[in-house]
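Pasted below: start.pdb, PDB, C-alpha atoms.
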```
ATOM      1  CA  MET O   9       0.000   0.000   0.000
ATOM      2  CA  SER O  10       2.955   2.309   0.644
ATOM      3  CA  LYS O  11       3.574   2.524  -3.098
ATOM      4  CA  ARG O  12       0.272   4.370  -3.486
ATOM      5  CA  LYS O  13       0.987   6.980  -0.832
ATOM      6  CA  ARG O  14       0.969  10.455  -2.311
ATOM      7  CA  GLN O  15       3.612  13.072  -1.660
ATOM      8  CA  ILE O  16       2.632  16.339  -0.027
ATOM      9  CA  GLU O  17       3.845  19.187  -2.183
ATOM     10  CA  PRO O  18       3.336  22.878  -1.393
ATOM     11  CA  THR O  19       1.422  24.891  -3.947
ATOM     12  CA  ALA O  20       2.916  27.979  -5.512
ATOM     13  CA  GLU O  21       0.696  30.305  -3.474
ATOM     14  CA  ASP O  22       1.775  31.124   0.073
ATOM     15  CA  LEU O  23      -1.521  31.424   1.944
ATOM     16  CA  SER O  24       0.174  32.406   5.196
ATOM     17  CA  ASN O  25       0.481  35.964   3.874
ATOM     18  CA  VAL O  26      -3.085  36.208   2.573
ATOM     19  CA  GLU O  27      -5.635  38.348   4.406
ATOM     20  CA  PHE O  28      -8.636  36.062   4.500
ATOM     21  CA  GLU O  29     -11.692  37.259   2.620
ATOM     22  CA  THR O  30     -14.269  35.732   0.300
ATOM     23  CA  SER O  31     -12.939  35.085  -3.210
ATOM     24  CA  GLU O  32     -14.309  37.416  -5.881
ATOM     25  CA  GLU O  33     -15.576  34.591  -8.113
ATOM     26  CA  VAL O  34     -17.983  33.292  -5.456
ATOM     27  CA  ASP O  35     -21.562  33.877  -6.555
ATOM     28  CA  VAL O  36     -24.628  33.628  -4.335
ATOM     29  CA  ALA O  37     -27.357  31.032  -4.940
ATOM     30  CA  HIS O  38     -30.425  32.212  -3.056
ATOM     31  CA  THR O  39     -32.371  28.924  -3.311
ATOM     32  CA  PHE O  40     -31.526  25.223  -3.220
ATOM     33  CA  ASP O  41     -33.367  24.812  -6.532
ATOM     34  CA  SER O  42     -30.857  27.120  -8.246
ATOM     35  CA  MET O  43     -27.822  25.053  -7.204
ATOM     36  CA  GLY O  44     -28.161  22.303  -9.796
ATOM     37  CA  LEU O  45     -28.839  19.581  -7.229
ATOM     38  CA  GLY O  46     -30.417  16.226  -8.038
ATOM     39  CA  GLU O  47     -34.148  15.737  -7.555
ATOM     40  CA  GLU O  48     -33.783  13.022  -4.889
ATOM     41  CA  LEU O  49     -31.312  15.163  -2.967
ATOM     42  CA  LEU O  50     -33.663  18.155  -3.083
ATOM     43  CA  ARG O  51     -36.438  15.945  -1.702
ATOM     44  CA  GLY O  52     -34.142  15.001   1.166
ATOM     45  CA  ILE O  53     -33.226  18.636   1.830
ATOM     46  CA  TYR O  54     -36.844  19.801   1.985
ATOM     47  CA  SER O  55     -37.945  16.731   3.967
ATOM     48  CA  TYR O  56     -35.242  17.556   6.511
ATOM     49  CA  GLY O  57     -36.939  20.908   7.052
ATOM     50  CA  PHE O  58     -34.720  23.278   5.105
ATOM     51  CA  GLU O  59     -36.497  26.021   3.182
ATOM     52  CA  LYS O  60     -33.819  28.568   2.320
ATOM     53  CA  PRO O  61     -30.025  28.134   2.272
ATOM     54  CA  SER O  62     -27.954  29.927   4.899
ATOM     55  CA  ALA O  63     -25.178  32.382   4.016
ATOM     56  CA  ILE O  64     -22.479  29.721   3.800
ATOM     57  CA  GLN O  65     -24.758  27.334   1.899
ATOM     58  CA  GLN O  66     -25.574  30.058  -0.640
ATOM     59  CA  ARG O  67     -21.864  30.594  -1.311
ATOM     60  CA  ALA O  68     -20.103  27.270  -0.789
ATOM     61  CA  ILE O  69     -22.294  24.457  -2.148
ATOM     62  CA  LYS O  70     -22.012  25.408  -5.825
ATOM     63  CA  GLN O  71     -18.241  25.871  -5.538
ATOM     64  CA  ILE O  72     -17.791  22.477  -3.889
ATOM     65  CA  ILE O  73     -19.943  20.592  -6.399
ATOM     66  CA  LYS O  74     -17.936  22.267  -9.187
ATOM     67  CA  GLY O  75     -14.956  20.390  -7.765
ATOM     68  CA  ARG O  76     -13.096  23.385  -6.329
ATOM     69  CA  ASP O  77     -10.994  23.140  -3.200
ATOM     70  CA  VAL O  78     -12.690  25.332  -0.597
ATOM     71  CA  ILE O  79     -11.593  27.014   2.634
ATOM     72  CA  ALA O  80     -14.600  28.216   4.619
ATOM     73  CA  GLN O  81     -14.149  30.218   7.790
ATOM     74  CA  ALA O  82     -17.394  29.715   9.657
ATOM     75  CA  GLN O  83     -18.560  29.394  13.251
ATOM     76  CA  SER O  84     -20.930  26.799  14.645
ATOM     77  CA  GLY O  85     -24.529  27.666  13.819
ATOM     78  CA  THR O  86     -23.870  28.727  10.230
ATOM     79  CA  GLY O  87     -25.235  25.559   8.635
ATOM     80  CA  LYS O  88     -21.788  24.282   7.691
ATOM     81  CA  THR O  89     -22.568  20.599   8.329
ATOM     82  CA  ALA O  90     -25.404  20.669   5.813
ATOM     83  CA  THR O  91     -23.175  22.667   3.451
ATOM     84  CA  PHE O  92     -20.608  19.945   2.986
ATOM     85  CA  SER O  93     -23.139  17.119   3.442
ATOM     86  CA  ILE O  94     -25.254  18.369   0.527
ATOM     87  CA  SER O  95     -22.106  18.870  -1.551
ATOM     88  CA  VAL O  96     -20.817  15.376  -0.771
ATOM     89  CA  LEU O  97     -24.166  13.748  -1.570
ATOM     90  CA  GLN O  98     -24.399  15.572  -4.900
ATOM     91  CA  SER O  99     -20.928  14.312  -5.864
ATOM     92  CA  LEU O 100     -21.580  10.612  -5.167
ATOM     93  CA  ASP O 101     -22.057   7.843  -7.695
ATOM     94  CA  ILE O 102     -24.499   5.737  -5.694
ATOM     95  CA  THR O 103     -24.053   2.779  -8.067
ATOM     96  CA  VAL O 104     -20.441   2.447  -6.867
ATOM     97  CA  ARG O 105     -20.363   0.905  -3.371
ATOM     98  CA  GLU O 106     -16.964   2.345  -2.472
ATOM     99  CA  THR O 107     -15.920   5.156  -0.140
ATOM    100  CA  GLN O 108     -16.015   8.314  -2.260
ATOM    101  CA  ALA O 109     -15.967  10.970   0.470
ATOM    102  CA  LEU O 110     -14.162  11.085   3.799
ATOM    103  CA  VAL O 111     -15.172  13.553   6.529
ATOM    104  CA  LEU O 112     -12.818  14.065   9.485
ATOM    105  CA  SER O 113     -13.996  15.666  12.748
ATOM    106  CA  PRO O 114     -12.351  16.395  16.127
ATOM    107  CA  THR O 115     -14.863  14.480  18.293
ATOM    108  CA  ARG O 116     -16.783  11.226  18.158
ATOM    109  CA  GLU O 117     -20.087  12.966  18.816
ATOM    110  CA  LEU O 118     -19.603  15.344  15.894
ATOM    111  CA  ALA O 119     -18.661  12.476  13.570
ATOM    112  CA  VAL O 120     -21.869  10.641  14.522
ATOM    113  CA  GLN O 121     -23.928  13.818  14.112
ATOM    114  CA  ILE O 122     -22.513  14.277  10.602
ATOM    115  CA  GLN O 123     -23.354  10.655   9.772
ATOM    116  CA  LYS O 124     -26.965  11.239  10.845
ATOM    117  CA  VAL O 125     -27.245  14.406   8.742
ATOM    118  CA  MET O 126     -25.786  12.595   5.713
ATOM    119  CA  LEU O 127     -28.258   9.726   6.066
ATOM    120  CA  ALA O 128     -31.213  12.079   6.583
ATOM    121  CA  LEU O 129     -30.414  14.353   3.645
ATOM    122  CA  GLY O 130     -29.582  11.336   1.487
ATOM    123  CA  ASP O 131     -32.685   9.409   2.507
ATOM    124  CA  TYR O 132     -34.003   9.220  -1.082
ATOM    125  CA  LEU O 133     -30.571   8.332  -2.502
ATOM    126  CA  ASN O 134     -30.063   5.070  -0.595
ATOM    127  CA  VAL O 135     -26.702   6.405   0.559
ATOM    128  CA  GLN O 136     -24.465   4.322   2.820
ATOM    129  CA  CYS O 137     -22.608   6.350   5.480
ATOM    130  CA  HIS O 138     -20.644   4.919   8.398
ATOM    131  CA  ALA O 139     -19.303   6.672  11.509
ATOM    132  CA  CYS O 140     -15.768   5.406  12.065
ATOM    133  CA  ILE O 141     -14.848   6.497  15.601
ATOM    134  CA  GLY O 142     -12.690   5.418  18.505
ATOM    135  CA  GLY O 143     -14.197   3.738  21.542
ATOM    136  CA  THR O 144     -16.381   1.457  19.423
ATOM    137  CA  ASN O 145     -16.032  -2.138  18.256
ATOM    138  CA  VAL O 146     -13.304  -2.484  15.615
ATOM    139  CA  GLY O 147     -14.986  -5.598  14.248
ATOM    140  CA  GLU O 148     -18.153  -3.620  13.520
ATOM    141  CA  ASP O 149     -16.096  -1.017  11.645
ATOM    142  CA  ILE O 150     -14.480  -3.755   9.572
ATOM    143  CA  ARG O 151     -17.849  -5.370   8.800
ATOM    144  CA  LYS O 152     -19.440  -2.070   7.750
ATOM    145  CA  LEU O 153     -16.473  -1.004   5.640
ATOM    146  CA  ASP O 154     -16.252  -4.388   3.934
ATOM    147  CA  TYR O 155     -19.954  -4.070   3.058
ATOM    148  CA  GLY O 156     -19.165  -0.813   1.297
ATOM    149  CA  GLN O 157     -19.834   2.790   2.343
ATOM    150  CA  HIS O 158     -20.266   5.787   0.064
ATOM    151  CA  VAL O 159     -19.243   8.171   2.851
ATOM    152  CA  VAL O 160     -17.160   7.678   5.981
ATOM    153  CA  SER O 161     -17.445  10.228   8.798
ATOM    154  CA  GLY O 162     -14.886   9.725  11.509
ATOM    155  CA  THR O 163     -12.175  10.848  13.869
ATOM    156  CA  PRO O 164      -8.596  10.848  12.533
ATOM    157  CA  GLY O 165      -7.242   8.130  14.832
ATOM    158  CA  ARG O 166      -9.744   5.399  14.005
ATOM    159  CA  VAL O 167      -9.932   6.377  10.325
ATOM    160  CA  PHE O 168      -6.168   6.098   9.900
ATOM    161  CA  ASP O 169      -6.194   2.770  11.746
ATOM    162  CA  MET O 170      -8.790   1.427   9.305
ATOM    163  CA  ILE O 171      -6.731   2.688   6.352
ATOM    164  CA  ARG O 172      -3.597   0.980   7.677
ATOM    165  CA  ARG O 173      -5.545  -2.246   8.169
ATOM    166  CA  ARG O 174      -6.715  -1.869   4.536
ATOM    167  CA  ASN O 175     -10.356  -2.134   5.577
ATOM    168  CA  LEU O 176     -10.997   1.467   4.532
ATOM    169  CA  ARG O 177     -10.163   1.510   0.843
ATOM    170  CA  THR O 178      -9.100   4.945  -0.351
ATOM    171  CA  ARG O 179      -8.771   4.355  -4.102
ATOM    172  CA  SER O 180     -12.222   5.810  -4.906
ATOM    173  CA  ILE O 181     -12.132   8.778  -2.508
ATOM    174  CA  LYS O 182     -12.630  11.985  -4.448
ATOM    175  CA  MET O 183     -13.368  14.400  -1.593
ATOM    176  CA  LEU O 184     -11.807  14.994   1.831
ATOM    177  CA  VAL O 185     -13.694  17.239   4.261
ATOM    178  CA  LEU O 186     -11.904  18.603   7.325
ATOM    179  CA  ASP O 187     -14.582  19.882   9.708
ATOM    180  CA  GLU O 188     -13.562  22.107  12.636
ATOM    181  CA  ALA O 189      -9.976  21.862  11.410
ATOM    182  CA  ASP O 190      -8.644  24.196  14.104
ATOM    183  CA  GLU O 191     -10.110  21.962  16.816
ATOM    184  CA  MET O 192      -8.538  18.866  15.234
ATOM    185  CA  LEU O 193      -5.129  20.529  15.368
ATOM    186  CA  ASN O 194      -5.736  21.652  18.958
ATOM    187  CA  LYS O 195      -6.421  18.023  19.868
ATOM    188  CA  GLY O 196      -3.122  16.873  18.349
ATOM    189  CA  PHE O 197      -4.459  15.240  15.184
ATOM    190  CA  LYS O 198      -2.109  17.053  12.788
ATOM    191  CA  GLU O 199       0.165  14.101  11.992
ATOM    192  CA  GLN O 200      -2.770  11.713  11.550
ATOM    193  CA  ILE O 201      -4.474  14.127   9.143
ATOM    194  CA  TYR O 202      -1.283  14.368   7.095
ATOM    195  CA  ASP O 203      -0.909  10.570   7.170
ATOM    196  CA  ILE O 204      -4.486  10.090   5.939
ATOM    197  CA  TYR O 205      -4.010  12.657   3.177
ATOM    198  CA  ARG O 206      -0.982  10.766   1.855
ATOM    199  CA  TYR O 207      -3.160   7.738   1.141
ATOM    200  CA  LEU O 208      -5.722   9.645  -0.934
ATOM    201  CA  PRO O 209      -5.706   9.528  -4.738
ATOM    202  CA  PRO O 210      -3.902  12.418  -6.463
ATOM    203  CA  GLY O 211      -6.281  15.234  -7.278
ATOM    204  CA  ALA O 212      -8.724  14.482  -4.462
ATOM    205  CA  GLN O 213     -10.802  17.560  -3.675
ATOM    206  CA  VAL O 214     -10.273  19.105  -0.223
ATOM    207  CA  VAL O 215     -12.868  21.121   1.703
ATOM    208  CA  LEU O 216     -11.751  22.697   4.972
ATOM    209  CA  LEU O 217     -14.028  24.360   7.511
ATOM    210  CA  SER O 218     -12.663  26.179  10.525
ATOM    211  CA  ALA O 219     -13.789  28.863  12.963
ATOM    212  CA  THR O 220     -10.258  30.291  13.095
ATOM    213  CA  LEU O 221      -7.390  30.221  10.623
ATOM    214  CA  PRO O 222      -4.114  30.030  12.561
ATOM    215  CA  HIS O 223      -0.783  29.563  10.782
ATOM    216  CA  GLU O 224      -0.945  25.754  11.043
ATOM    217  CA  ILE O 225      -4.268  25.713   9.188
ATOM    218  CA  LEU O 226      -2.966  27.976   6.431
ATOM    219  CA  GLU O 227       0.159  25.830   6.168
ATOM    220  CA  MET O 228      -2.051  22.763   5.745
ATOM    221  CA  THR O 229      -4.151  24.406   3.047
ATOM    222  CA  SER O 230      -1.048  25.419   1.105
ATOM    223  CA  LYS O 231       0.062  21.771   1.028
ATOM    224  CA  PHE O 232      -3.302  20.071   0.505
ATOM    225  CA  MET O 233      -5.085  22.457  -1.851
ATOM    226  CA  THR O 234      -4.887  23.779  -5.391
ATOM    227  CA  ASP O 235      -6.106  27.336  -6.040
ATOM    228  CA  PRO O 236      -8.710  27.174  -3.246
ATOM    229  CA  ILE O 237     -11.869  29.252  -3.134
ATOM    230  CA  ARG O 238     -12.082  31.218   0.117
ATOM    231  CA  ILE O 239     -15.386  31.893   1.843
ATOM    232  CA  LEU O 240     -15.697  33.995   4.975
ATOM    233  CA  VAL O 241     -19.017  33.939   6.821
ATOM    234  CA  LYS O 242     -19.120  37.133   8.860
ATOM    235  CA  ARG O 243     -20.632  37.178  12.311
ATOM    236  CA  ASP O 244     -23.612  39.228  11.150
ATOM    237  CA  GLU O 245     -24.441  36.447   8.674
ATOM    238  CA  LEU O 246     -24.741  33.714  11.297
ATOM    239  CA  THR O 247     -28.065  31.890  11.195
ATOM    240  CA  LEU O 248     -28.834  31.570  14.879
ATOM    241  CA  GLU O 249     -32.508  32.465  14.707
ATOM    242  CA  GLY O 250     -34.265  32.180  18.040
ATOM    243  CA  ILE O 251     -31.050  32.192  20.061
ATOM    244  CA  LYS O 252     -30.081  35.153  22.233
ATOM    245  CA  GLN O 253     -26.468  35.443  23.328
ATOM    246  CA  PHE O 254     -25.236  37.047  26.548
ATOM    247  CA  PHE O 255     -22.045  37.084  28.542
ATOM    248  CA  VAL O 256     -21.432  37.658  32.229
ATOM    249  CA  ALA O 257     -18.151  39.263  33.273
ATOM    250  CA  VAL O 258     -16.856  37.521  36.411
ATOM    251  CA  ASP O 259     -13.738  39.073  37.907
ATOM    252  CA  ARG O 260     -12.457  36.081  39.872
ATOM    253  CA  GLU O 261     -12.407  32.357  39.095
ATOM    254  CA  GLU O 262     -13.796  31.386  42.508
ATOM    255  CA  TRP O 263     -16.921  33.491  41.913
ATOM    256  CA  LYS O 264     -17.970  31.601  38.775
ATOM    257  CA  PHE O 265     -19.814  28.767  40.509
ATOM    258  CA  ASP O 266     -21.942  31.101  42.638
ATOM    259  CA  THR O 267     -22.682  33.176  39.532
ATOM    260  CA  LEU O 268     -23.823  30.037  37.704
ATOM    261  CA  CYS O 269     -26.119  29.128  40.599
ATOM    262  CA  ASP O 270     -27.511  32.681  40.601
ATOM    263  CA  LEU O 271     -28.356  32.301  36.906
ATOM    264  CA  TYR O 272     -30.274  29.109  37.627
ATOM    265  CA  ASP O 273     -32.153  30.837  40.454
ATOM    266  CA  THR O 274     -33.007  33.814  38.235
ATOM    267  CA  LEU O 275     -33.873  32.102  34.945
ATOM    268  CA  THR O 276     -36.224  29.250  34.096
ATOM    269  CA  ILE O 277     -33.866  26.607  32.731
ATOM    270  CA  THR O 278     -35.213  23.159  31.903
ATOM    271  CA  GLN O 279     -32.105  21.762  30.210
ATOM    272  CA  ALA O 280     -28.663  23.207  29.586
ATOM    273  CA  VAL O 281     -25.243  22.242  28.270
ATOM    274  CA  ILE O 282     -22.294  23.738  30.155
ATOM    275  CA  PHE O 283     -18.895  23.674  28.463
ATOM    276  CA  CYS O 284     -15.627  23.745  30.414
ATOM    277  CA  ASN O 285     -12.085  24.159  29.149
ATOM    278  CA  THR O 286     -10.615  21.031  30.808
ATOM    279  CA  ARG O 287     -11.799  17.530  31.673
ATOM    280  CA  ARG O 288     -10.811  18.082  35.301
ATOM    281  CA  LYS O 289     -13.015  21.188  35.413
ATOM    282  CA  VAL O 290     -15.937  19.178  33.999
ATOM    283  CA  ASP O 291     -15.672  16.611  36.809
ATOM    284  CA  TRP O 292     -15.222  19.313  39.455
ATOM    285  CA  LEU O 293     -18.227  21.330  38.278
ATOM    286  CA  ALA O 294     -20.457  18.255  38.024
ATOM    287  CA  GLU O 295     -19.657  17.335  41.641
ATOM    288  CA  LYS O 296     -20.275  20.890  42.864
ATOM    289  CA  LEU O 297     -23.639  21.010  41.060
ATOM    290  CA  LYS O 298     -24.669  17.649  42.532
ATOM    291  CA  GLU O 299     -23.777  18.920  46.005
ATOM    292  CA  ALA O 300     -26.087  21.874  45.294
ATOM    293  CA  ASN O 301     -28.914  19.422  44.412
ATOM    294  CA  PHE O 302     -28.804  19.882  40.641
ATOM    295  CA  THR O 303     -29.437  16.917  38.337
ATOM    296  CA  VAL O 304     -26.295  16.788  36.238
ATOM    297  CA  SER O 305     -24.127  14.424  34.205
ATOM    298  CA  ALA O 306     -20.512  14.918  33.200
ATOM    299  CA  MET O 307     -19.194  13.938  29.776
ATOM    300  CA  HIS O 308     -15.689  14.223  28.316
ATOM    301  CA  GLY O 309     -13.153  12.417  26.171
ATOM    302  CA  GLU O 310     -11.698  10.187  28.906
ATOM    303  CA  MET O 311     -15.017   8.364  29.365
ATOM    304  CA  GLU O 312     -15.954   5.161  27.570
ATOM    305  CA  GLN O 313     -17.940   5.726  24.384
ATOM    306  CA  LYS O 314     -20.799   3.551  25.645
ATOM    307  CA  GLU O 315     -21.159   5.731  28.759
ATOM    308  CA  ARG O 316     -21.084   8.920  26.666
ATOM    309  CA  ASP O 317     -23.776   7.533  24.363
ATOM    310  CA  THR O 318     -25.981   6.663  27.359
ATOM    311  CA  ILE O 319     -25.634  10.174  28.803
ATOM    312  CA  MET O 320     -26.531  11.798  25.470
ATOM    313  CA  LYS O 321     -29.527   9.490  25.052
ATOM    314  CA  GLU O 322     -30.803  10.366  28.540
ATOM    315  CA  PHE O 323     -30.270  14.078  27.893
ATOM    316  CA  ARG O 324     -32.159  14.004  24.599
ATOM    317  CA  GLY O 325     -34.948  12.077  26.309
ATOM    318  CA  GLY O 326     -35.254  14.722  29.018
ATOM    319  CA  ALA O 327     -33.956  12.550  31.850
ATOM    320  CA  ARG O 328     -31.057  14.919  32.524
TER
END
```

Full structure transcribed into structure tokens:
Amino acid sequence: MSKRKRQIEPTAEDLSNVEFETSEEVDVAHTFDSMGLGEELLRGIYSYGFEKPSAIQQRAIKQIIKGRDVIAQAQSGTGKTATFSISVLQSLDITVRETQALVLSPTRELAVQIQKVMLALGDYLNVQCHACIGGTNVGEDIRKLDYGQHVVSGTPGRVFDMIRRRNLRTRSIKMLVLDEADEMLNKGFKEQIYDIYRYLPPGAQVVLLSATLPHEILEMTSKFMTDPIRILVKRDELTLEGIKQFFVAVDREEWKFDTLCDLYDTLTITQAVIFCNTRRKVDWLAEKLKEANFTVSAMHGEMEQKERDTIMKEFRGGAR
């Protein structure tokens, strides 16, 4: 298999010196019907509940289905998952039961979420999409991949393991999507991403989505991409209808917990997700909330996948 590994060559353009802005040639498609999508895919899009494309969808989908490499700087809430999912589904040859698109994500939960979106949007296409993530049964991955999957959504570690085992065949992959690329680099996946890229066929299309564009991301794009289209979704174009955003300035770390409790006393909160910056902080906060008689579960990357799945299922069912 090593004979088929591709070399990573820098492109002529040095993106590290480029001020990021949307490329001039990007046009805006105001409706899904004007994007040239297949009829079955459009049925899936409308059945999923979409009516009008978001800002990033209006700009990126047509460029991706044209085969262009794309760098999209977009935050969560912009509709980016559906952006690349629709583009991937449009590019598939469903008659070929081989992996044609590979989507890499920083977390197992995000990889599974992407799989569910792919299957929902591709409901009328009979698309096969497998979530290839750590913490799950390797034998199940092997069985699913041997059966044949049009799309694989996964985390870099497990995906590269399946490639090395030769269960994930890369010869038919024509698109690589790097979702939340900055988060993948923050989690130390850089080498695995480069290793995976080396196994892809020459000329494979690359789509990268990231909230921030640090030097490491720009370095990656200069090595992976050819004349990429750039799309910047500005903050005033975010599609977070129905969501109000606030911040509370807390001067000292030790005051944060009491402030959080005050918020719960002041507001009517049925369910909430609280993010912390470390796993240790997650465990500490969960214990403090339990001591204060809150119903709470902790979830982070050091927990077994089965336990994480159970917690998410209970949360979605309203038990937490």

Practice prompt. Evaluate the PyMOL selection byres ((chain O and resi 169-179) around 12) and record the selected residues as a PyMOL selection string, following the chain and residue labels used in the document.
Written response: chain O and resi 9-10+12-14+105-110+138-142+146-168+180-184+200-201+203-212

Give me, as a compact mmCIF listing (two decimals) with C-alpha atoms, in the coordinates of the input, all polymer residues having an atom no more than 7 Å from Gln98 of chain O, counting all atoms listed in the file and skipping those fewer than 6 positions away in the same chain.
```
# COMPACT_ATOMS: atom_id res chain seq x y z
CA LEU O 45 -28.84 19.58 -7.23
CA GLY O 46 -30.42 16.23 -8.04
CA ILE O 73 -19.94 20.59 -6.40
```

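Atom CA of Thr86 of chain O to atom CA of Leu100 of chain O spans 23.9 Å [interatomic distance, one decimal].
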
Worksheet item: Which one is closest to Pro114 of chain O: O:Asp190, O:Ala300, O:Gln313, O:Thr229? Count only C-alpha atoms.
Response: O:Asp190

Worksheet entry | Given the PyMOL selection byres ((chain O and resi 66) around 10), the residues it picks as a ChimeraX atom specification | /O:34-40,42-43,60-65,67-71,91

Fill in: Nearest residue to Thr144 of chain O from the set O:Ile282, O:Leu297, O:Thr234, O:Arg116 (distances using only C-alpha atoms)
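Among the listed residues, O:Arg116 lies closest to Thr144 of chain O.
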
Discussion item. So that I can check the surroundings of Thr318 of chain O, please list as a list of chain:residue names every protein, DNA and RNA residue that reaches within 12 Å of it, counting all atoms listed in the file and ignoring chain neighbours fewer than 3 positions away.
Written reply: O:Ser305, O:Ala306, O:Met307, O:Met311, O:Glu312, O:Gln313, O:Lys314, O:Glu315, O:Lys321, O:Glu322, O:Phe323, O:Arg324, O:Gly325, O:Ala327, O:Arg328

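Minimum distance to Glu59 of chain O across O:Asp291, O:Asp41, O:Asp187, O:Asp266 (counting all atoms listed in the file) occurs at O:Asp41.
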
Could I get segment 83-96 of chain O from the block written as a PDB file, in the first residue's frame, with N, CA and C atoms?
```
ATOM      1  N   GLN O  83     -18.319  29.824  11.876  1.00  0.00           N
ATOM      2  CA  GLN O  83     -18.560  29.394  13.251  1.00  0.00           C
ATOM      3  C   GLN O  83     -19.633  28.305  13.279  1.00  0.00           C
ATOM      4  N   SER O  84     -19.798  27.698  14.443  1.00  0.00           N
ATOM      5  CA  SER O  84     -20.930  26.799  14.645  1.00  0.00           C
ATOM      6  C   SER O  84     -22.219  27.605  14.522  1.00  0.00           C
ATOM      7  N   GLY O  85     -23.254  26.980  13.970  1.00  0.00           N
ATOM      8  CA  GLY O  85     -24.529  27.666  13.819  1.00  0.00           C
ATOM      9  C   GLY O  85     -24.732  28.293  12.459  1.00  0.00           C
ATOM     10  N   THR O  86     -23.752  28.130  11.561  1.00  0.00           N
ATOM     11  CA  THR O  86     -23.870  28.727  10.230  1.00  0.00           C
ATOM     12  C   THR O  86     -24.521  27.796   9.224  1.00  0.00           C
ATOM     13  N   GLY O  87     -24.710  26.530   9.592  1.00  0.00           N
ATOM     14  CA  GLY O  87     -25.235  25.559   8.635  1.00  0.00           C
ATOM     15  C   GLY O  87     -24.136  24.876   7.849  1.00  0.00           C
ATOM     16  N   LYS O  88     -22.925  24.835   8.422  1.00  0.00           N
ATOM     17  CA  LYS O  88     -21.788  24.282   7.691  1.00  0.00           C
ATOM     18  C   LYS O  88     -21.883  22.775   7.512  1.00  0.00           C
ATOM     19  N   THR O  89     -22.454  22.055   8.477  1.00  0.00           N
ATOM     20  CA  THR O  89     -22.568  20.599   8.329  1.00  0.00           C
ATOM     21  C   THR O  89     -23.421  20.248   7.120  1.00  0.00           C
ATOM     22  N   ALA O  90     -24.554  20.916   6.980  1.00  0.00           N
ATOM     23  CA  ALA O  90     -25.404  20.669   5.813  1.00  0.00           C
ATOM     24  C   ALA O  90     -24.723  21.136   4.534  1.00  0.00           C
ATOM     25  N   THR O  91     -23.884  22.158   4.632  1.00  0.00           N
ATOM     26  CA  THR O  91     -23.175  22.667   3.451  1.00  0.00           C
ATOM     27  C   THR O  91     -22.340  21.574   2.811  1.00  0.00           C
ATOM     28  N   PHE O  92     -21.458  20.969   3.603  1.00  0.00           N
ATOM     29  CA  PHE O  92     -20.608  19.945   2.986  1.00  0.00           C
ATOM     30  C   PHE O  92     -21.351  18.627   2.795  1.00  0.00           C
ATOM     31  N   SER O  93     -22.370  18.357   3.619  1.00  0.00           N
ATOM     32  CA  SER O  93     -23.139  17.119   3.442  1.00  0.00           C
ATOM     33  C   SER O  93     -23.885  17.130   2.108  1.00  0.00           C
ATOM     34  N   ILE O  94     -24.546  18.239   1.805  1.00  0.00           N
ATOM     35  CA  ILE O  94     -25.254  18.369   0.527  1.00  0.00           C
ATOM     36  C   ILE O  94     -24.271  18.251  -0.633  1.00  0.00           C
ATOM     37  N   SER O  95     -23.117  18.899  -0.488  1.00  0.00           N
ATOM     38  CA  SER O  95     -22.106  18.870  -1.551  1.00  0.00           C
ATOM     39  C   SER O  95     -21.570  17.462  -1.767  1.00  0.00           C
ATOM     40  N   VAL O  96     -21.299  16.761  -0.679  1.00  0.00           N
ATOM     41  CA  VAL O  96     -20.817  15.376  -0.771  1.00  0.00           C
ATOM     42  C   VAL O  96     -21.855  14.501  -1.461  1.00  0.00           C
TER      43      VAL O  96
END
```
